[in-house]
>>> print(open('data33.cif').read())   # mmCIF, C-alpha atoms
data_coords
#
loop_
_atom_site.group_PDB
_atom_site.id
_atom_site.type_symbol
_atom_site.label_atom_id
_atom_site.label_comp_id
_atom_site.auth_asym_id
_atom_site.auth_seq_id
_atom_site.Cartn_x
_atom_site.Cartn_y
_atom_site.Cartn_z
ATOM 1 C CA MET A 1 -106.421 51.700 11.585
ATOM 2 C CA THR A 2 -105.981 52.343 7.912
ATOM 3 C CA ALA A 3 -107.098 55.693 6.552
ATOM 4 C CA THR A 4 -109.339 55.517 3.522
ATOM 5 C CA ALA A 5 -107.940 57.481 0.650
ATOM 6 C CA ILE A 6 -110.361 59.926 -1.002
ATOM 7 C CA VAL A 7 -110.012 59.571 -4.724
ATOM 8 C CA GLU A 8 -110.847 62.741 -6.616
ATOM 9 C CA PRO A 9 -112.498 62.206 -10.023
ATOM 10 C CA PRO A 10 -110.372 63.217 -12.971
ATOM 11 C CA ALA A 11 -110.686 66.889 -13.824
ATOM 12 C CA ALA A 12 -111.635 66.004 -17.399
ATOM 13 C CA ALA A 13 -114.561 63.898 -16.174
ATOM 14 C CA VAL A 14 -115.776 66.701 -13.923
ATOM 15 C CA ALA A 15 -115.573 69.172 -16.795
ATOM 16 C CA ARG A 16 -117.371 66.753 -19.113
ATOM 17 C CA ASP A 17 -120.204 66.244 -16.600
ATOM 18 C CA ALA A 18 -120.624 69.988 -16.137
ATOM 19 C CA HIS A 19 -120.588 70.524 -19.875
ATOM 20 C CA TRP A 20 -123.232 67.875 -20.475
ATOM 21 C CA SER A 21 -125.387 69.132 -17.606
ATOM 22 C CA ALA A 22 -125.375 72.600 -19.122
ATOM 23 C CA LYS A 23 -126.248 71.248 -22.557
ATOM 24 C CA MET A 24 -129.015 69.041 -21.153
ATOM 25 C CA ALA A 25 -130.468 72.046 -19.347
ATOM 26 C CA ARG A 26 -130.606 73.920 -22.646
ATOM 27 C CA LEU A 27 -132.272 70.978 -24.377
ATOM 28 C CA LYS A 28 -134.911 70.685 -21.657
ATOM 29 C CA ALA A 29 -135.563 74.441 -21.746
ATOM 30 C CA ARG A 30 -136.368 74.502 -25.467
ATOM 31 C CA LYS A 31 -139.823 75.838 -26.209
ATOM 32 C CA LEU A 32 -142.266 73.897 -28.329
ATOM 33 C CA PRO A 33 -142.424 75.302 -31.878
ATOM 34 C CA GLU A 34 -145.254 77.588 -32.899
ATOM 35 C CA ARG A 35 -146.792 78.362 -36.279
ATOM 36 C CA SER A 36 -149.336 81.004 -37.246
ATOM 37 C CA LEU A 37 -152.134 81.192 -39.788
ATOM 38 C CA ARG A 38 -153.056 84.713 -40.924
ATOM 39 C CA LEU A 39 -156.535 85.322 -42.318
ATOM 40 C CA CYS A 40 -157.701 88.566 -43.912
ATOM 41 C CA ASP A 41 -160.906 89.133 -45.875
ATOM 42 C CA ASP A 42 -160.194 92.808 -46.606
ATOM 43 C CA ASP A 43 -158.915 92.763 -50.175
ATOM 44 C CA GLU A 44 -158.605 96.543 -50.265
ATOM 45 C CA ALA A 45 -156.341 96.556 -47.212
ATOM 46 C CA LYS A 46 -154.144 93.879 -48.796
ATOM 47 C CA LYS A 47 -153.970 95.801 -52.081
ATOM 48 C CA ASN A 48 -153.147 99.087 -50.347
ATOM 49 C CA ALA A 49 -150.322 97.468 -48.398
ATOM 50 C CA THR A 50 -148.916 95.899 -51.558
ATOM 51 C CA ASP A 51 -149.149 99.184 -53.473
ATOM 52 C CA ALA A 52 -147.489 101.075 -50.618
ATOM 53 C CA ALA A 53 -144.618 98.566 -50.543
ATOM 54 C CA LEU A 54 -144.080 98.997 -54.272
ATOM 55 C CA GLU A 55 -144.182 102.761 -53.898
ATOM 56 C CA LEU A 56 -141.517 102.619 -51.192
ATOM 57 C CA ALA A 57 -139.323 100.371 -53.336
ATOM 58 C CA LYS A 58 -139.558 102.825 -56.242
ATOM 59 C CA ALA A 59 -138.800 105.785 -53.978
ATOM 60 C CA ARG A 60 -135.755 104.011 -52.582
ATOM 61 C CA THR A 61 -134.509 103.109 -56.061
ATOM 62 C CA THR A 62 -134.851 106.711 -57.235
ATOM 63 C CA ALA A 63 -133.158 108.084 -54.130
ATOM 64 C CA ARG A 64 -130.321 105.584 -54.392
ATOM 65 C CA GLY A 65 -129.718 106.621 -57.983
ATOM 66 C CA GLN A 66 -129.605 110.244 -56.888
ATOM 67 C CA SER A 67 -127.108 109.394 -54.157
ATOM 68 C CA ILE A 68 -124.757 107.952 -56.765
ATOM 69 C CA GLU A 69 -125.144 111.040 -58.954
ATOM 70 C CA GLN A 70 -124.352 113.267 -55.985
ATOM 71 C CA GLY A 71 -121.269 111.265 -55.049
ATOM 72 C CA ILE A 72 -122.527 109.922 -51.739
ATOM 73 C CA SER A 73 -120.115 107.247 -50.530
ATOM 74 C CA GLU A 74 -121.248 103.624 -50.364
ATOM 75 C CA ALA A 75 -120.873 103.662 -46.571
ATOM 76 C CA ASP A 76 -123.255 106.636 -46.227
ATOM 77 C CA ARG A 77 -125.634 105.773 -49.052
ATOM 78 C CA GLU A 78 -128.255 103.863 -47.071
ATOM 79 C CA GLU A 79 -128.525 106.515 -44.373
ATOM 80 C CA TRP A 80 -128.794 109.212 -47.049
ATOM 81 C CA THR A 81 -131.415 107.242 -48.972
ATOM 82 C CA VAL A 82 -133.779 106.669 -46.058
ATOM 83 C CA SER A 83 -133.574 110.329 -45.044
ATOM 84 C CA GLN A 84 -134.905 111.649 -48.357
ATOM 85 C CA PRO A 85 -138.386 113.234 -48.081
ATOM 86 C CA GLU A 86 -139.914 111.012 -50.780
ATOM 87 C CA VAL A 87 -138.616 107.878 -49.054
ATOM 88 C CA VAL A 88 -139.721 109.070 -45.611
ATOM 89 C CA ALA A 89 -143.217 109.823 -46.923
ATOM 90 C CA ALA A 90 -143.448 106.457 -48.699
ATOM 91 C CA GLN A 91 -142.319 104.656 -45.544
ATOM 92 C CA LEU A 92 -144.990 106.434 -43.498
ATOM 93 C CA ARG A 93 -147.667 105.456 -46.022
ATOM 94 C CA LEU A 94 -146.491 101.835 -45.904
ATOM 95 C CA ASP A 95 -146.498 101.820 -42.105
ATOM 96 C CA ALA A 96 -150.069 103.130 -42.077
ATOM 97 C CA ALA A 97 -151.221 100.628 -44.726
ATOM 98 C CA GLU A 98 -149.608 97.737 -42.867
ATOM 99 C CA GLN A 99 -151.287 98.804 -39.632
ATOM 100 C CA VAL A 100 -154.685 98.815 -41.341
ATOM 101 C CA LEU A 101 -153.905 95.380 -42.764
ATOM 102 C CA GLU A 102 -152.817 94.100 -39.360
ATOM 103 C CA ASP A 103 -156.039 95.358 -37.789
ATOM 104 C CA ALA A 104 -158.047 93.557 -40.489
ATOM 105 C CA THR A 105 -156.140 90.293 -40.049
ATOM 106 C CA VAL A 106 -157.060 87.461 -37.710
ATOM 107 C CA VAL A 107 -154.053 85.476 -36.519
ATOM 108 C CA LEU A 108 -154.376 81.919 -35.242
ATOM 109 C CA ILE A 109 -151.358 80.500 -33.434
ATOM 110 C CA PHE A 110 -150.669 76.800 -33.057
ATOM 111 C CA ARG A 111 -148.121 75.154 -30.762
ATOM 112 C CA ALA A 112 -146.741 71.660 -31.206
ATOM 113 C CA LEU A 113 -147.840 69.022 -28.720
ATOM 114 C CA PRO A 114 -145.379 67.088 -26.575
ATOM 115 C CA ARG A 115 -144.887 63.628 -28.088
ATOM 116 C CA PRO A 116 -147.008 61.732 -25.486
ATOM 117 C CA ALA A 117 -149.938 64.115 -26.049
ATOM 118 C CA TRP A 118 -149.563 63.767 -29.832
ATOM 119 C CA GLU A 119 -149.590 59.984 -29.618
ATOM 120 C CA GLN A 120 -152.547 59.982 -27.224
ATOM 121 C CA LEU A 121 -154.529 62.150 -29.613
ATOM 122 C CA LEU A 122 -153.879 59.650 -32.393
ATOM 123 C CA ARG A 123 -155.027 56.818 -30.118
ATOM 124 C CA ASP A 124 -158.166 58.776 -29.263
ATOM 125 C CA HIS A 125 -159.074 59.129 -32.951
ATOM 126 C CA PRO A 126 -158.124 55.869 -34.682
ATOM 127 C CA PRO A 127 -159.064 55.420 -38.326
ATOM 128 C CA THR A 128 -162.132 53.442 -39.240
ATOM 129 C CA GLU A 129 -161.509 50.100 -40.877
ATOM 130 C CA ALA A 130 -162.141 51.621 -44.300
ATOM 131 C CA GLN A 131 -159.812 54.539 -43.559
ATOM 132 C CA ALA A 132 -157.109 52.198 -42.300
ATOM 133 C CA ASP A 133 -157.379 50.220 -45.537
ATOM 134 C CA GLN A 134 -156.611 53.466 -47.348
ATOM 135 C CA GLY A 135 -153.503 54.011 -45.220
ATOM 136 C CA MET A 136 -154.939 56.665 -42.912
ATOM 137 C CA GLU A 137 -153.310 57.088 -39.491
ATOM 138 C CA TYR A 138 -156.329 58.753 -37.907
ATOM 139 C CA ASN A 139 -160.062 59.253 -38.275
ATOM 140 C CA VAL A 140 -160.309 61.974 -40.913
ATOM 141 C CA GLU A 141 -163.746 63.000 -39.653
ATOM 142 C CA THR A 142 -162.848 63.660 -36.013
ATOM 143 C CA TYR A 143 -159.080 64.071 -35.757
ATOM 144 C CA PRO A 144 -158.643 67.433 -37.572
ATOM 145 C CA ALA A 145 -160.884 69.369 -35.169
ATOM 146 C CA ALA A 146 -159.339 67.627 -32.168
ATOM 147 C CA LEU A 147 -155.803 68.467 -33.298
ATOM 148 C CA ILE A 148 -156.669 72.081 -34.100
ATOM 149 C CA ALA A 149 -158.234 72.582 -30.673
ATOM 150 C CA ALA A 150 -155.375 70.821 -28.877
ATOM 151 C CA CYS A 151 -152.695 72.917 -30.602
ATOM 152 C CA HIS A 152 -154.399 76.310 -30.741
ATOM 153 C CA ILE A 153 -153.184 78.880 -28.224
ATOM 154 C CA GLU A 154 -154.651 82.308 -27.552
ATOM 155 C CA ARG A 155 -152.950 85.258 -25.867
ATOM 156 C CA ASP A 156 -154.524 88.394 -24.470
ATOM 157 C CA GLU A 157 -153.180 91.908 -24.954
ATOM 158 C CA ALA A 158 -150.752 91.417 -22.082
ATOM 159 C CA GLY A 159 -149.324 88.315 -23.769
ATOM 160 C CA ASP A 160 -150.775 85.909 -21.229
ATOM 161 C CA GLU A 161 -152.313 82.692 -22.491
ATOM 162 C CA VAL A 162 -156.082 82.420 -22.243
ATOM 163 C CA PRO A 163 -158.503 79.642 -23.256
ATOM 164 C CA GLY A 164 -158.526 79.182 -27.002
ATOM 165 C CA MET A 165 -160.537 77.310 -29.596
ATOM 166 C CA SER A 166 -162.667 74.392 -28.496
ATOM 167 C CA GLU A 167 -163.010 71.196 -30.495
ATOM 168 C CA GLN A 168 -166.604 72.123 -31.325
ATOM 169 C CA GLU A 169 -165.535 75.563 -32.571
ATOM 170 C CA ALA A 170 -162.784 73.996 -34.678
ATOM 171 C CA GLN A 171 -165.303 71.651 -36.266
ATOM 172 C CA GLU A 172 -167.637 74.583 -36.980
ATOM 173 C CA LEU A 173 -164.860 76.358 -38.881
ATOM 174 C CA LEU A 174 -163.899 73.225 -40.795
ATOM 175 C CA ASP A 175 -167.516 72.753 -41.837
ATOM 176 C CA ALA A 176 -168.228 76.407 -42.679
ATOM 177 C CA TRP A 177 -165.062 77.376 -44.539
ATOM 178 C CA PRO A 178 -164.307 76.481 -48.156
ATOM 179 C CA ASP A 179 -162.216 73.370 -48.670
ATOM 180 C CA SER A 180 -158.954 75.252 -49.346
ATOM 181 C CA GLU A 181 -159.200 77.313 -46.153
ATOM 182 C CA ALA A 182 -160.328 74.370 -44.047
ATOM 183 C CA LYS A 183 -157.302 72.444 -45.291
ATOM 184 C CA ALA A 184 -155.037 75.413 -44.501
ATOM 185 C CA LEU A 185 -156.379 75.469 -40.934
ATOM 186 C CA PHE A 186 -155.775 71.756 -40.373
ATOM 187 C CA THR A 187 -152.430 71.821 -42.196
ATOM 188 C CA CYS A 188 -151.124 74.604 -39.967
ATOM 189 C CA ALA A 189 -151.880 72.562 -36.854
ATOM 190 C CA LEU A 190 -150.407 69.467 -38.473
ATOM 191 C CA LEU A 191 -147.191 71.066 -39.732
ATOM 192 C CA VAL A 192 -146.265 72.624 -36.409
ATOM 193 C CA ASN A 193 -146.034 69.070 -35.064
ATOM 194 C CA GLN A 194 -144.200 67.592 -38.037
ATOM 195 C CA THR A 195 -141.716 70.272 -39.142
ATOM 196 C CA LEU A 196 -138.201 69.379 -38.030
ATOM 197 C CA ARG A 197 -136.212 72.176 -36.412
ATOM 198 C CA ALA A 198 -133.010 70.165 -36.181
ATOM 199 C CA ASP A 199 -130.121 70.713 -38.603
ATOM 200 C CA LEU A 200 -129.172 67.137 -39.346
ATOM 201 C CA GLY A 201 -125.842 65.922 -40.642
ATOM 202 C CA LYS A 202 -123.873 69.155 -40.270
ATOM 203 C CA GLY A 203 -121.162 70.284 -37.936
#
>>> encode(input="data33.cif", output="structure tokens")
Amino acid sequence: MTATAIVEPPAAAVARDAHWSAKMARLKARKLPERSLRLCDDDEAKKNATDAALELAKARTTARGQSIEQGISEADREEWTVSQPEVVAAQLRLDAAEQVLEDATVVLIFRALPRPAWEQLLRDHPPTEAQADQGMEYNVETYPAALIAACHIERDEAGDEVPGMSEQEAQELLDAWPDSEAKALFTCALLVNQTLRADLGKG
């Protein structure tokens, strides 16, 4: 009876398989990209935040100049600058102004669709014959609201995802908002699906 020899795979092949498996796991674990649209109708809050930022910049510039006059070393200059009373006060005013602005701002978050869902949405909203003649890939009357609703995600205070915008609600916004803002809404949902995150041709 002849014993069957057990042939071990080359160590290099084993290492290569493990390396690729680890890389593939990372590729599969990548999260779909997200993009946000920030909307604020409070012009005063926006102005106050801008003014507070300018005030902080001026306070920092003045304090940095004083640090040079007082011979503070370059290594210690930043720490000395941010500790000055005028800078501390300006930073507190900016923090407060930014919080007011944040409270007055509505943030809509959009997440890219997996490719099959993206392609199915296009199939569900084909262009009319006239739109196709103009080179359109989708029905410009129905597709924007469908894409916005499909990509919009909403999170509660705990960070958990909850039901977001419906297609009907998206259409209501597109119809009610001025053209520039309606386009910004649709563009945000569109770009999150079309912006390339890969760094091509390097390395």
>>> resolve_selection(input="data33.cif", expression="the PyMOL selection byres ((chain A and resi 61) around 12)", output="PyMOL selection string")
chain A and resi 54-60+62-68+77-78+81-82+84+86-87
>>> residues_around(input="data33.cif", residues="region 178-185 of chain A", least_positions_apart="2", cutoff="10 Å", atoms="all atoms listed in the file", output="PDB file with C-alpha atoms, keeping the file's coordinate frame")
ATOM      1  CA  SER A  36    -149.336  81.004 -37.246  1.00  0.00           C
ATOM      2  CA  LEU A  37    -152.134  81.192 -39.788  1.00  0.00           C
ATOM      3  CA  ARG A  38    -153.056  84.713 -40.924  1.00  0.00           C
ATOM      4  CA  LEU A  39    -156.535  85.322 -42.318  1.00  0.00           C
ATOM      5  CA  LEU A 108    -154.376  81.919 -35.242  1.00  0.00           C
ATOM      6  CA  PHE A 110    -150.669  76.800 -33.057  1.00  0.00           C
ATOM      7  CA  PRO A 144    -158.643  67.433 -37.572  1.00  0.00           C
ATOM      8  CA  ALA A 145    -160.884  69.369 -35.169  1.00  0.00           C
ATOM      9  CA  ILE A 148    -156.669  72.081 -34.100  1.00  0.00           C
ATOM     10  CA  ALA A 170    -162.784  73.996 -34.678  1.00  0.00           C
ATOM     11  CA  GLN A 171    -165.303  71.651 -36.266  1.00  0.00           C
ATOM     12  CA  LEU A 173    -164.860  76.358 -38.881  1.00  0.00           C
ATOM     13  CA  LEU A 174    -163.899  73.225 -40.795  1.00  0.00           C
ATOM     14  CA  ASP A 175    -167.516  72.753 -41.837  1.00  0.00           C
ATOM     15  CA  ALA A 176    -168.228  76.407 -42.679  1.00  0.00           C
ATOM     16  CA  THR A 187    -152.430  71.821 -42.196  1.00  0.00           C
ATOM     17  CA  CYS A 188    -151.124  74.604 -39.967  1.00  0.00           C
ATOM     18  CA  ALA A 189    -151.880  72.562 -36.854  1.00  0.00           C
ATOM     19  CA  LEU A 190    -150.407  69.467 -38.473  1.00  0.00           C
TER      20      LEU A 190
END
>>> atom_distance(input="data33.cif", atom1="CA of Ala75 (chain A)", atom2="CA of Ala52 (chain A)")
27.0 Å
>>> resolve_selection(input="data33.cif", expression="the PyMOL selection byres ((chain A and resi 113-130) around 12)", output="short mmCIF file (atom, residue, chain, number, x, y, z; two decimals) with C-alpha atoms, in the coordinates of the input")
data_model
loop_
_atom_site.label_atom_id
_atom_site.label_comp_id
_atom_site.auth_asym_id
_atom_site.auth_seq_id
_atom_site.Cartn_x
_atom_site.Cartn_y
_atom_site.Cartn_z
CA ARG A 30 -136.37 74.50 -25.47
CA LYS A 31 -139.82 75.84 -26.21
CA LEU A 32 -142.27 73.90 -28.33
CA PRO A 33 -142.42 75.30 -31.88
CA GLU A 34 -145.25 77.59 -32.90
CA PHE A 110 -150.67 76.80 -33.06
CA ARG A 111 -148.12 75.15 -30.76
CA ALA A 112 -146.74 71.66 -31.21
CA GLN A 131 -159.81 54.54 -43.56
CA ALA A 132 -157.11 52.20 -42.30
CA ASP A 133 -157.38 50.22 -45.54
CA GLN A 134 -156.61 53.47 -47.35
CA GLY A 135 -153.50 54.01 -45.22
CA MET A 136 -154.94 56.66 -42.91
CA GLU A 137 -153.31 57.09 -39.49
CA TYR A 138 -156.33 58.75 -37.91
CA ASN A 139 -160.06 59.25 -38.28
CA VAL A 140 -160.31 61.97 -40.91
CA GLU A 141 -163.75 63.00 -39.65
CA THR A 142 -162.85 63.66 -36.01
CA TYR A 143 -159.08 64.07 -35.76
CA PRO A 144 -158.64 67.43 -37.57
CA ALA A 145 -160.88 69.37 -35.17
CA ALA A 146 -159.34 67.63 -32.17
CA LEU A 147 -155.80 68.47 -33.30
CA ILE A 148 -156.67 72.08 -34.10
CA ALA A 149 -158.23 72.58 -30.67
CA ALA A 150 -155.38 70.82 -28.88
CA CYS A 151 -152.70 72.92 -30.60
CA HIS A 152 -154.40 76.31 -30.74
CA ILE A 153 -153.18 78.88 -28.22
CA ALA A 189 -151.88 72.56 -36.85
CA LEU A 190 -150.41 69.47 -38.47
CA LEU A 191 -147.19 71.07 -39.73
CA VAL A 192 -146.26 72.62 -36.41
CA ASN A 193 -146.03 69.07 -35.06
CA GLN A 194 -144.20 67.59 -38.04
#
>>> atom_distance(input="data33.cif", atom1="CA of Ile109 (chain A)", atom2="CA of Arg35 (chain A)")
5.8 Å
>>> closest_residue(input="data33.cif", among="A:Asp95, A:Glu74, A:Glu172, A:Asp17", to="Thr50 (chain A)", atoms="all atoms listed in the file")
A:Asp95
>>> atom_distance(input="data33.cif", atom1="CA of Ala45 (chain A)", atom2="CA of Glu98 (chain A)")
8.1 Å
>>> closest_residue(input="data33.cif", among="A:Ala18, A:Glu154, A:Glu69, A:Glu44", to="Val106 (chain A)", atoms="all atoms listed in the file")
A:Glu154
>>> closest_residue(input="data33.cif", among="A:Val100, A:Leu94, A:Lys28, A:Lys23", to="Cys40 (chain A)", atoms="only C-alpha atoms")
A:Val100
>>> axis_aligned_box(input="data33.cif", around="region 127-142 of chain A", padding_each_side="3 Å", output="AutoDock Vina command-line options")
--center_x -158.5 --center_y 56.9 --center_z -41.7 --size_x 16.4 --size_y 19.6 --size_z 17.3
>>> closest_residue(input="data33.cif", among="A:Ala97, A:Met165, A:Ala158, A:Val107", to="Asp51 (chain A)", atoms="all atoms listed in the file")
A:Ala97
>>> build_atoms(input="data33.cif", residues="region 182-193 of chain A", atoms="all heavy atoms", output="compact mmCIF listing (two decimals), in the frame of the given file")
# COMPACT_ATOMS: atom_id res chain seq x y z
N ALA A 182 -160.23 75.40 -45.08
CA ALA A 182 -160.33 74.37 -44.05
C ALA A 182 -159.06 73.53 -44.03
O ALA A 182 -158.53 73.19 -42.96
CB ALA A 182 -161.55 73.49 -44.30
N LYS A 183 -158.55 73.21 -45.21
CA LYS A 183 -157.30 72.44 -45.29
C LYS A 183 -156.13 73.25 -44.74
O LYS A 183 -155.24 72.70 -44.09
CB LYS A 183 -157.04 72.03 -46.73
CG LYS A 183 -157.92 70.89 -47.21
CD LYS A 183 -157.62 70.53 -48.66
CE LYS A 183 -158.49 69.35 -49.11
NZ LYS A 183 -158.30 69.04 -50.56
N ALA A 184 -156.12 74.57 -45.02
CA ALA A 184 -155.04 75.41 -44.50
C ALA A 184 -155.05 75.44 -42.98
O ALA A 184 -154.00 75.41 -42.33
CB ALA A 184 -155.18 76.83 -45.06
N LEU A 185 -156.24 75.47 -42.39
CA LEU A 185 -156.38 75.47 -40.93
C LEU A 185 -155.83 74.18 -40.33
O LEU A 185 -155.01 74.20 -39.40
CB LEU A 185 -157.85 75.64 -40.57
CG LEU A 185 -158.21 75.62 -39.09
CD1 LEU A 185 -157.54 76.77 -38.35
CD2 LEU A 185 -159.73 75.69 -38.92
N PHE A 186 -156.24 73.05 -40.88
CA PHE A 186 -155.78 71.76 -40.37
C PHE A 186 -154.28 71.58 -40.63
O PHE A 186 -153.54 71.11 -39.77
CB PHE A 186 -156.56 70.63 -41.02
CG PHE A 186 -156.07 69.25 -40.68
CD1 PHE A 186 -155.84 68.88 -39.37
CD2 PHE A 186 -155.82 68.32 -41.69
CE1 PHE A 186 -155.38 67.61 -39.04
CE2 PHE A 186 -155.35 67.06 -41.38
CZ PHE A 186 -155.13 66.69 -40.06
N THR A 187 -153.84 71.99 -41.83
CA THR A 187 -152.43 71.82 -42.20
C THR A 187 -151.52 72.61 -41.27
O THR A 187 -150.43 72.14 -40.91
CB THR A 187 -152.20 72.26 -43.65
OG1 THR A 187 -153.00 71.43 -44.51
CG2 THR A 187 -150.74 72.13 -44.04
N CYS A 188 -151.95 73.80 -40.87
CA CYS A 188 -151.12 74.60 -39.97
C CYS A 188 -150.92 73.88 -38.64
O CYS A 188 -149.81 73.84 -38.11
CB CYS A 188 -151.79 75.97 -39.75
SG CYS A 188 -150.69 77.18 -38.98
N ALA A 189 -151.99 73.31 -38.11
CA ALA A 189 -151.88 72.56 -36.85
C ALA A 189 -151.06 71.29 -37.03
O ALA A 189 -150.33 70.87 -36.12
CB ALA A 189 -153.27 72.22 -36.33
N LEU A 190 -151.15 70.70 -38.20
CA LEU A 190 -150.41 69.47 -38.47
C LEU A 190 -148.92 69.75 -38.64
O LEU A 190 -148.07 69.06 -38.06
CB LEU A 190 -150.97 68.80 -39.73
CG LEU A 190 -150.53 67.38 -40.04
CD1 LEU A 190 -150.99 66.42 -38.95
CD2 LEU A 190 -151.09 66.94 -41.40
N LEU A 191 -148.59 70.78 -39.42
CA LEU A 191 -147.19 71.07 -39.73
C LEU A 191 -146.39 71.49 -38.51
O LEU A 191 -145.20 71.20 -38.42
CB LEU A 191 -147.10 72.15 -40.81
CG LEU A 191 -147.46 71.72 -42.23
CD1 LEU A 191 -147.34 72.90 -43.19
CD2 LEU A 191 -146.55 70.58 -42.70
N VAL A 192 -147.02 72.18 -37.57
CA VAL A 192 -146.26 72.62 -36.41
C VAL A 192 -145.77 71.43 -35.61
O VAL A 192 -144.78 71.51 -34.88
CB VAL A 192 -147.11 73.57 -35.53
CG1 VAL A 192 -148.16 72.81 -34.73
CG2 VAL A 192 -146.23 74.39 -34.60
N ASN A 193 -146.45 70.29 -35.76
CA ASN A 193 -146.03 69.07 -35.06
C ASN A 193 -145.07 68.22 -35.88
O ASN A 193 -144.41 67.33 -35.33
CB ASN A 193 -147.27 68.22 -34.73
CG ASN A 193 -148.09 68.79 -33.61
OD1 ASN A 193 -147.73 68.66 -32.45
ND2 ASN A 193 -149.19 69.47 -33.96
